[in-house]
Amino acid sequence: MAASTASRSITLEVCVDSVESALNAVSAGADRLELCGNLGLGGGTTPSIGLFTAVHKAAPGVPIMAMVRPRVGDFVYSDCDIDVMLEDIRSFKRHGARGIVLGILTAEGTVDVGRTKRLVDAALPLEICFHRAFDMTRDPMEALSAVASIGGISRILTSGHGKRVLDSVDTLVALHRAANRISGSEPWALTILPGSGVNMSTIDTLLVSLLPEGLRELHMSGGQWVRGPMTFTRDGMGMGVGSEYEWSVWRTDPNAVKAVRLIVDMVCESIAIA
């Protein structure tokens with residue numbers, strides 16, 4: 001079970017793609033899971049219902065945001081892709097997902113409002129996160145306005161349009177301020193979920209910069225390739241991961257998650273005392 005968040009002001013979400021990684025994340029202090037397939041190769045795709053069910057059973061009570069991304073590659077989807085995504089959304093709703101993670105773009109690098117709204121309407125009333133397709137758009141403020149116009153989207157996962165969060169702190173600050181203005185007095189609030197490169201070396205800078213802007217949650221993986229158990233491997237053979245990691249397995253390191261969790265809690269506690 002995830003530790004109680006009653007005394008925390010920051011929710012820590014960890015993306016995982018296996019039961020083992022989910023348990024590692026939760027034991028280290030994750031409040032919420034983003035469940036994907038193939039995290040180490042291509043940035044994550046839709047997990048199987050079997051994986052979702054197994055993680056739900058292994059970590060009862062922990063909210064699971066299910067990735068809906070039918071393939072690796074770009075975020076311009078065909079009608080067939082959309083049909084697959086709608087079926088996946090319906091399946092995750094039936095199986096108890098807390099929310100859906102999705103993102104659709106146009107060929108010109110803007111948010112595809114019409115197609116995204118189709119998926120959002122199918123997913124509601126679940127929570128909905130627009131994923132890092134946001135960081136592949138041509139302009140972050142234009143993309144923020146487009147996402148907000150759809151309605152029903154809970155949060156945007158973003159590095160701030162940079163490769164890593166630390167490269168784009170100023171943009172993350174601007175996005176927080178813009179999202180706060182857009183939300184205004186609405187009963188729902190579109191929040192910014194910083195992610196990509198969140199770790200013990202970067203968390204202090206993020207907290208100092210973003211807590212004053214109303215930071216509510218953070219996203220990390222804490223993942224790394226670890227050598228798999230096979231002792232026999234055929235020379236020159238593999239399944240496309242690449243020679244360095246061909247026989248490795250992607251795993252969440254609980255120590256990486258715990259390090260961020262401890263720093264976040266320490267900073268939040270010090271602010272509460274002050």
# chains A, B, ... in the order shown; residues from 1 in each chain; ligands from 1
call {"tool": "select_by_dssp", "arguments": {"residues": "segment 33-214 of chain A", "states": "strand (DSSP E)", "output": "list in words"}}
result
Leu33, Glu34, Leu35, Ile64, Met65, Ala66, Met67, Gly99, Ile100, Val101, Leu102, Glu127, Ile128, Cys129, Phe130, Arg155, Ile156, Leu157, Thr158, Thr191, Ile192, Leu193 and Pro194 of chain A
call {"tool": "residues_around", "arguments": {"residues": "segment 126-137 of chain A", "least_positions_apart": "5", "cutoff": "7 Å", "atoms": "only C-alpha atoms", "output": "list in words"}}
result
Phe75, Arg98, Gly99, Ile100, Val101, Leu102, Gly103, Ile104, Gly109, Thr110, Ala143, Ile153, Ser154, Arg155, Ile156, Leu157, Thr158, Ser159, Gly160 and His161 of chain A
call {"tool": "residues_around", "arguments": {"residues": "Phe92 of chain A", "least_positions_apart": "2", "cutoff": "12 Å", "atoms": "only C-alpha atoms", "output": "PyMOL selection string"}}
result
chain A and resi 35+46-53+56+64-68+85-90+94-101+122-124+126-127
call {"tool": "closest_residue", "arguments": {"among": "A:Pro229, A:Gly29, A:Pro140, A:Gly61", "to": "Lys258 of chain A", "atoms": "only C-alpha atoms"}}
result
A:Gly29
call {"tool": "closest_residue", "arguments": {"among": "A:Gly242, A:Pro70, A:Pro60, A:Gly236", "to": "Leu41 of chain A", "atoms": "only C-alpha atoms"}}
result
A:Gly242
call {"tool": "atom_distance", "arguments": {"atom1": "atom CA of Arg181 of chain A", "atom2": "atom CA of Glu217 of chain A"}}
result
18.1 Å
call {"tool": "closest_atom_pairs", "arguments": {"of": "segment 124-239 of chain A", "to": "segment 11-15 of chain A", "cutoff": "6 Å", "atoms": "only C-alpha atoms", "output": "JSON lines"}}
result
{"residue": "A:Glu217", "atom": "CA", "partner": "A:Thr11", "partner_atom": "CA", "distance": 4.4}
{"residue": "A:Leu218", "atom": "CA", "partner": "A:Leu12", "partner_atom": "CA", "distance": 5.1}
{"residue": "A:His219", "atom": "CA", "partner": "A:Glu13", "partner_atom": "CA", "distance": 4.7}
{"residue": "A:Met220", "atom": "CA", "partner": "A:Val14", "partner_atom": "CA", "distance": 5.0}
{"residue": "A:Ser221", "atom": "CA", "partner": "A:Cys15", "partner_atom": "CA", "distance": 5.0}
call {"tool": "select_by_dssp", "arguments": {"residues": "segment 46-247 of chain A", "states": "alpha helix (DSSP H)", "output": "mmCIF file with N, CA and C atoms, in the first residue's frame"}}
result
data_model
loop_
_atom_site.group_PDB
_atom_site.id
_atom_site.type_symbol
_atom_site.label_atom_id
_atom_site.label_comp_id
_atom_site.auth_asym_id
_atom_site.auth_seq_id
_atom_site.Cartn_x
_atom_site.Cartn_y
_atom_site.Cartn_z
ATOM 1 N N ILE A 49 -3.890 -5.868 -20.330
ATOM 2 C CA ILE A 49 -4.845 -5.983 -19.231
ATOM 3 C C ILE A 49 -4.325 -6.960 -18.186
ATOM 4 N N GLY A 50 -3.571 -7.961 -18.626
ATOM 5 C CA GLY A 50 -2.976 -8.893 -17.675
ATOM 6 C C GLY A 50 -2.026 -8.190 -16.733
ATOM 7 N N LEU A 51 -1.171 -7.312 -17.271
ATOM 8 C CA LEU A 51 -0.252 -6.558 -16.423
ATOM 9 C C LEU A 51 -1.018 -5.619 -15.505
ATOM 10 N N PHE A 52 -2.005 -4.924 -16.050
ATOM 11 C CA PHE A 52 -2.787 -4.002 -15.220
ATOM 12 C C PHE A 52 -3.424 -4.754 -14.049
ATOM 13 N N THR A 53 -4.053 -5.882 -14.332
ATOM 14 C CA THR A 53 -4.736 -6.650 -13.292
ATOM 15 C C THR A 53 -3.750 -7.137 -12.232
ATOM 16 N N ALA A 54 -2.584 -7.589 -12.676
ATOM 17 C CA ALA A 54 -1.584 -8.095 -11.739
ATOM 18 C C ALA A 54 -1.048 -6.983 -10.841
ATOM 19 N N VAL A 55 -0.801 -5.800 -11.398
ATOM 20 C CA VAL A 55 -0.320 -4.676 -10.591
ATOM 21 C C VAL A 55 -1.408 -4.212 -9.632
ATOM 22 N N HIS A 56 -2.643 -4.143 -10.103
ATOM 23 C CA HIS A 56 -3.772 -3.747 -9.261
ATOM 24 C C HIS A 56 -3.886 -4.684 -8.065
ATOM 25 N N LYS A 57 -3.684 -5.961 -8.294
ATOM 26 C CA LYS A 57 -3.761 -6.963 -7.223
ATOM 27 C C LYS A 57 -2.563 -6.868 -6.285
ATOM 28 N N ALA A 58 -1.375 -6.627 -6.844
ATOM 29 C CA ALA A 58 -0.152 -6.584 -6.035
ATOM 30 C C ALA A 58 -0.065 -5.326 -5.184
ATOM 31 N N ASP A 79 -7.200 6.324 -38.076
ATOM 32 C CA ASP A 79 -8.507 5.941 -37.557
ATOM 33 C C ASP A 79 -8.440 4.575 -36.890
ATOM 34 N N CYS A 80 -7.645 3.679 -37.434
ATOM 35 C CA CYS A 80 -7.491 2.348 -36.825
ATOM 36 C C CYS A 80 -6.831 2.463 -35.458
ATOM 37 N N ASP A 81 -5.809 3.318 -35.338
ATOM 38 C CA ASP A 81 -5.164 3.547 -34.045
ATOM 39 C C ASP A 81 -6.175 4.075 -33.024
ATOM 40 N N ILE A 82 -6.998 5.022 -33.444
ATOM 41 C CA ILE A 82 -7.990 5.612 -32.537
ATOM 42 C C ILE A 82 -8.968 4.555 -32.055
ATOM 43 N N ASP A 83 -9.390 3.676 -32.943
ATOM 44 C CA ASP A 83 -10.301 2.603 -32.539
ATOM 45 C C ASP A 83 -9.663 1.719 -31.475
ATOM 46 N N VAL A 84 -8.383 1.415 -31.650
ATOM 47 C CA VAL A 84 -7.668 0.607 -30.649
ATOM 48 C C VAL A 84 -7.620 1.343 -29.313
ATOM 49 N N MET A 85 -7.320 2.626 -29.351
ATOM 50 C CA MET A 85 -7.213 3.418 -28.129
ATOM 51 C C MET A 85 -8.558 3.489 -27.396
ATOM 52 N N LEU A 86 -9.642 3.622 -28.141
ATOM 53 C CA LEU A 86 -10.969 3.656 -27.512
ATOM 54 C C LEU A 86 -11.283 2.317 -26.838
ATOM 55 N N GLU A 87 -10.925 1.221 -27.496
ATOM 56 C CA GLU A 87 -11.148 -0.092 -26.881
ATOM 57 C C GLU A 87 -10.322 -0.251 -25.614
ATOM 58 N N ASP A 88 -9.064 0.224 -25.650
ATOM 59 C CA ASP A 88 -8.215 0.125 -24.460
ATOM 60 C C ASP A 88 -8.784 0.965 -23.316
ATOM 61 N N ILE A 89 -9.256 2.156 -23.621
ATOM 62 C CA ILE A 89 -9.841 3.006 -22.582
ATOM 63 C C ILE A 89 -11.031 2.308 -21.923
ATOM 64 N N ARG A 90 -11.902 1.742 -22.725
ATOM 65 C CA ARG A 90 -13.071 1.040 -22.168
ATOM 66 C C ARG A 90 -12.633 -0.124 -21.280
ATOM 67 N N SER A 91 -11.600 -0.830 -21.706
ATOM 68 C CA SER A 91 -11.115 -1.969 -20.924
ATOM 69 C C SER A 91 -10.539 -1.516 -19.588
ATOM 70 N N PHE A 92 -9.731 -0.458 -19.595
ATOM 71 C CA PHE A 92 -9.147 0.021 -18.344
ATOM 72 C C PHE A 92 -10.213 0.567 -17.404
ATOM 73 N N LYS A 93 -11.243 1.186 -17.945
ATOM 74 C CA LYS A 93 -12.347 1.656 -17.100
ATOM 75 C C LYS A 93 -13.016 0.474 -16.401
ATOM 76 N N ARG A 94 -13.248 -0.589 -17.130
ATOM 77 C CA ARG A 94 -13.894 -1.772 -16.550
ATOM 78 C C ARG A 94 -13.036 -2.422 -15.477
ATOM 79 N N VAL A 113 -7.105 18.577 -31.140
ATOM 80 C CA VAL A 113 -8.185 18.797 -30.179
ATOM 81 C C VAL A 113 -9.364 17.861 -30.431
ATOM 82 N N GLY A 114 -9.777 17.725 -31.674
ATOM 83 C CA GLY A 114 -10.944 16.916 -31.979
ATOM 84 C C GLY A 114 -10.773 15.460 -31.602
ATOM 85 N N ARG A 115 -9.653 14.867 -31.997
ATOM 86 C CA ARG A 115 -9.439 13.444 -31.696
ATOM 87 C C ARG A 115 -9.144 13.219 -30.219
ATOM 88 N N THR A 116 -8.415 14.150 -29.614
ATOM 89 C CA THR A 116 -8.166 14.012 -28.175
ATOM 90 C C THR A 116 -9.487 14.063 -27.409
ATOM 91 N N LYS A 117 -10.389 14.953 -27.815
ATOM 92 C CA LYS A 117 -11.678 15.062 -27.134
ATOM 93 C C LYS A 117 -12.480 13.769 -27.239
ATOM 94 N N ARG A 118 -12.379 13.080 -28.380
ATOM 95 C CA ARG A 118 -13.063 11.781 -28.506
ATOM 96 C C ARG A 118 -12.606 10.814 -27.432
ATOM 97 N N LEU A 119 -11.303 10.763 -27.212
ATOM 98 C CA LEU A 119 -10.762 9.854 -26.199
ATOM 99 C C LEU A 119 -11.115 10.325 -24.796
ATOM 100 N N VAL A 120 -11.036 11.638 -24.574
ATOM 101 C CA VAL A 120 -11.362 12.185 -23.258
ATOM 102 C C VAL A 120 -12.814 11.881 -22.908
ATOM 103 N N ASP A 121 -13.715 12.085 -23.838
ATOM 104 C CA ASP A 121 -15.130 11.808 -23.584
ATOM 105 C C ASP A 121 -15.356 10.343 -23.242
ATOM 106 N N ALA A 122 -14.596 9.463 -23.890
ATOM 107 C CA ALA A 122 -14.721 8.029 -23.605
ATOM 108 C C ALA A 122 -14.148 7.680 -22.236
ATOM 109 N N ALA A 123 -13.133 8.427 -21.802
ATOM 110 C CA ALA A 123 -12.462 8.112 -20.543
ATOM 111 C C ALA A 123 -13.159 8.687 -19.317
ATOM 112 N N PRO A 140 4.701 25.592 -26.469
ATOM 113 C CA PRO A 140 4.096 25.093 -25.238
ATOM 114 C C PRO A 140 2.854 25.858 -24.788
ATOM 115 N N MET A 141 2.835 27.161 -24.950
ATOM 116 C CA MET A 141 1.673 27.930 -24.508
ATOM 117 C C MET A 141 0.471 27.695 -25.422
ATOM 118 N N GLU A 142 0.739 27.567 -26.710
ATOM 119 C CA GLU A 142 -0.327 27.211 -27.641
ATOM 120 C C GLU A 142 -0.901 25.843 -27.284
ATOM 121 N N ALA A 143 -0.016 24.900 -26.971
ATOM 122 C CA ALA A 143 -0.456 23.556 -26.619
ATOM 123 C C ALA A 143 -1.240 23.554 -25.311
ATOM 124 N N LEU A 144 -0.804 24.339 -24.337
ATOM 125 C CA LEU A 144 -1.525 24.428 -23.069
ATOM 126 C C LEU A 144 -2.945 24.935 -23.291
ATOM 127 N N SER A 145 -3.098 25.973 -24.077
ATOM 128 C CA SER A 145 -4.427 26.519 -24.361
ATOM 129 C C SER A 145 -5.302 25.483 -25.057
ATOM 130 N N ALA A 146 -4.706 24.726 -25.978
ATOM 131 C CA ALA A 146 -5.467 23.706 -26.697
ATOM 132 C C ALA A 146 -5.937 22.601 -25.757
ATOM 133 N N VAL A 147 -5.050 22.138 -24.903
ATOM 134 C CA VAL A 147 -5.419 21.084 -23.943
ATOM 135 C C VAL A 147 -6.517 21.587 -23.014
ATOM 136 N N ALA A 148 -6.373 22.808 -22.518
ATOM 137 C CA ALA A 148 -7.370 23.376 -21.614
ATOM 138 C C ALA A 148 -8.728 23.505 -22.296
ATOM 139 N N SER A 149 -8.735 23.795 -23.587
ATOM 140 C CA SER A 149 -9.995 23.994 -24.304
ATOM 141 C C SER A 149 -10.803 22.710 -24.449
ATOM 142 N N ILE A 150 -10.148 21.573 -24.326
ATOM 143 C CA ILE A 150 -10.827 20.282 -24.479
ATOM 144 C C ILE A 150 -11.767 20.018 -23.314
ATOM 145 N N VAL A 169 13.391 24.828 -16.663
ATOM 146 C CA VAL A 169 12.732 25.289 -15.441
ATOM 147 C C VAL A 169 11.924 26.559 -15.693
ATOM 148 N N ASP A 170 12.468 27.491 -16.457
ATOM 149 C CA ASP A 170 11.745 28.742 -16.719
ATOM 150 C C ASP A 170 10.422 28.478 -17.434
ATOM 151 N N THR A 171 10.438 27.549 -18.371
ATOM 152 C CA THR A 171 9.199 27.220 -19.083
ATOM 153 C C THR A 171 8.212 26.528 -18.146
ATOM 154 N N LEU A 172 8.698 25.675 -17.267
ATOM 155 C CA LEU A 172 7.816 25.031 -16.297
ATOM 156 C C LEU A 172 7.165 26.058 -15.371
ATOM 157 N N VAL A 173 7.933 27.049 -14.958
ATOM 158 C CA VAL A 173 7.362 28.128 -14.145
ATOM 159 C C VAL A 173 6.258 28.841 -14.919
ATOM 160 N N ALA A 174 6.535 29.169 -16.177
ATOM 161 C CA ALA A 174 5.545 29.870 -17.006
ATOM 162 C C ALA A 174 4.297 29.016 -17.222
ATOM 163 N N LEU A 175 4.476 27.718 -17.407
ATOM 164 C CA LEU A 175 3.328 26.829 -17.599
ATOM 165 C C LEU A 175 2.477 26.735 -16.336
ATOM 166 N N HIS A 176 3.120 26.663 -15.171
ATOM 167 C CA HIS A 176 2.366 26.660 -13.915
ATOM 168 C C HIS A 176 1.532 27.937 -13.784
ATOM 169 N N ARG A 177 2.143 29.065 -14.054
ATOM 170 C CA ARG A 177 1.426 30.332 -13.928
ATOM 171 C C ARG A 177 0.262 30.408 -14.914
ATOM 172 N N ALA A 178 0.500 29.971 -16.146
ATOM 173 C CA ALA A 178 -0.560 30.012 -17.150
ATOM 174 C C ALA A 178 -1.697 29.049 -16.796
ATOM 175 N N ALA A 179 -1.351 27.846 -16.310
ATOM 176 C CA ALA A 179 -2.383 26.885 -15.924
ATOM 177 C C ALA A 179 -3.211 27.413 -14.760
ATOM 178 N N ASN A 180 -2.570 28.097 -13.827
ATOM 179 C CA ASN A 180 -3.302 28.684 -12.706
ATOM 180 C C ASN A 180 -4.272 29.765 -13.185
ATOM 181 N N ARG A 181 -3.843 30.562 -14.144
ATOM 182 C CA ARG A 181 -4.730 31.594 -14.687
ATOM 183 C C ARG A 181 -5.909 30.965 -15.421
ATOM 184 N N ILE A 182 -5.638 29.921 -16.189
ATOM 185 C CA ILE A 182 -6.696 29.266 -16.952
ATOM 186 C C ILE A 182 -7.721 28.624 -16.028
ATOM 187 N N SER A 183 -7.239 27.957 -14.976
ATOM 188 C CA SER A 183 -8.137 27.261 -14.055
ATOM 189 C C SER A 183 -9.011 28.243 -13.294
ATOM 190 N N ILE A 203 15.977 17.409 -7.860
ATOM 191 C CA ILE A 203 14.737 17.703 -7.144
ATOM 192 C C ILE A 203 14.802 19.011 -6.361
ATOM 193 N N ASP A 204 15.953 19.343 -5.774
ATOM 194 C CA ASP A 204 16.056 20.590 -5.007
ATOM 195 C C ASP A 204 15.761 21.802 -5.882
ATOM 196 N N THR A 205 16.375 21.851 -7.053
ATOM 197 C CA THR A 205 16.155 22.976 -7.956
ATOM 198 C C THR A 205 14.688 23.075 -8.365
ATOM 199 N N LEU A 206 14.067 21.941 -8.646
ATOM 200 C CA LEU A 206 12.661 21.943 -9.037
ATOM 201 C C LEU A 206 11.770 22.454 -7.917
ATOM 202 N N LEU A 207 12.022 21.991 -6.705
ATOM 203 C CA LEU A 207 11.193 22.415 -5.580
ATOM 204 C C LEU A 207 11.336 23.907 -5.308
ATOM 205 N N VAL A 208 12.557 24.386 -5.324
ATOM 206 C CA VAL A 208 12.791 25.813 -5.076
ATOM 207 C C VAL A 208 12.084 26.666 -6.129
ATOM 208 N N SER A 209 12.120 26.213 -7.369
ATOM 209 C CA SER A 209 11.547 27.002 -8.463
ATOM 210 C C SER A 209 10.036 26.865 -8.572
ATOM 211 N N LEU A 210 9.502 25.678 -8.278
ATOM 212 C CA LEU A 210 8.107 25.408 -8.597
ATOM 213 C C LEU A 210 7.153 25.393 -7.407
#
call {"tool": "atom_distance", "arguments": {"atom1": "atom CA of Met200 of chain A", "atom2": "atom CA of Thr45 of chain A"}}
result
26.2 Å
call {"tool": "atom_distance", "arguments": {"atom1": "atom CA of Arg69 of chain A", "atom2": "atom CA of Ser248 of chain A"}}
result
23.2 Å
call {"tool": "residues_around", "arguments": {"residues": "Ala28 of chain A", "least_positions_apart": "3", "cutoff": "7 Å", "atoms": "only C-alpha atoms", "output": "VMD selection string"}}
result
chain A and resid 24 to 25 254 257 to 258
call {"tool": "write_last_selection", "arguments": {"atoms": "C-alpha atoms", "output": "mmCIF file, in the first residue's frame"}}
result
data_model
loop_
_atom_site.group_PDB
_atom_site.id
_atom_site.type_symbol
_atom_site.label_atom_id
_atom_site.label_comp_id
_atom_site.auth_asym_id
_atom_site.auth_seq_id
_atom_site.Cartn_x
_atom_site.Cartn_y
_atom_site.Cartn_z
ATOM 1 C CA ASN A 24 9.633 -1.291 -5.873
ATOM 2 C CA ALA A 25 8.039 2.103 -6.480
ATOM 3 C CA PRO A 254 13.539 1.727 -5.185
ATOM 4 C CA VAL A 257 12.457 6.728 -5.733
ATOM 5 C CA LYS A 258 13.096 6.764 -1.999
#
call {"tool": "closest_residue", "arguments": {"among": "A:Val249, A:Leu33, A:Val241, A:Leu39", "to": "Gly228 of chain A", "atoms": "only C-alpha atoms"}}
result
A:Val249
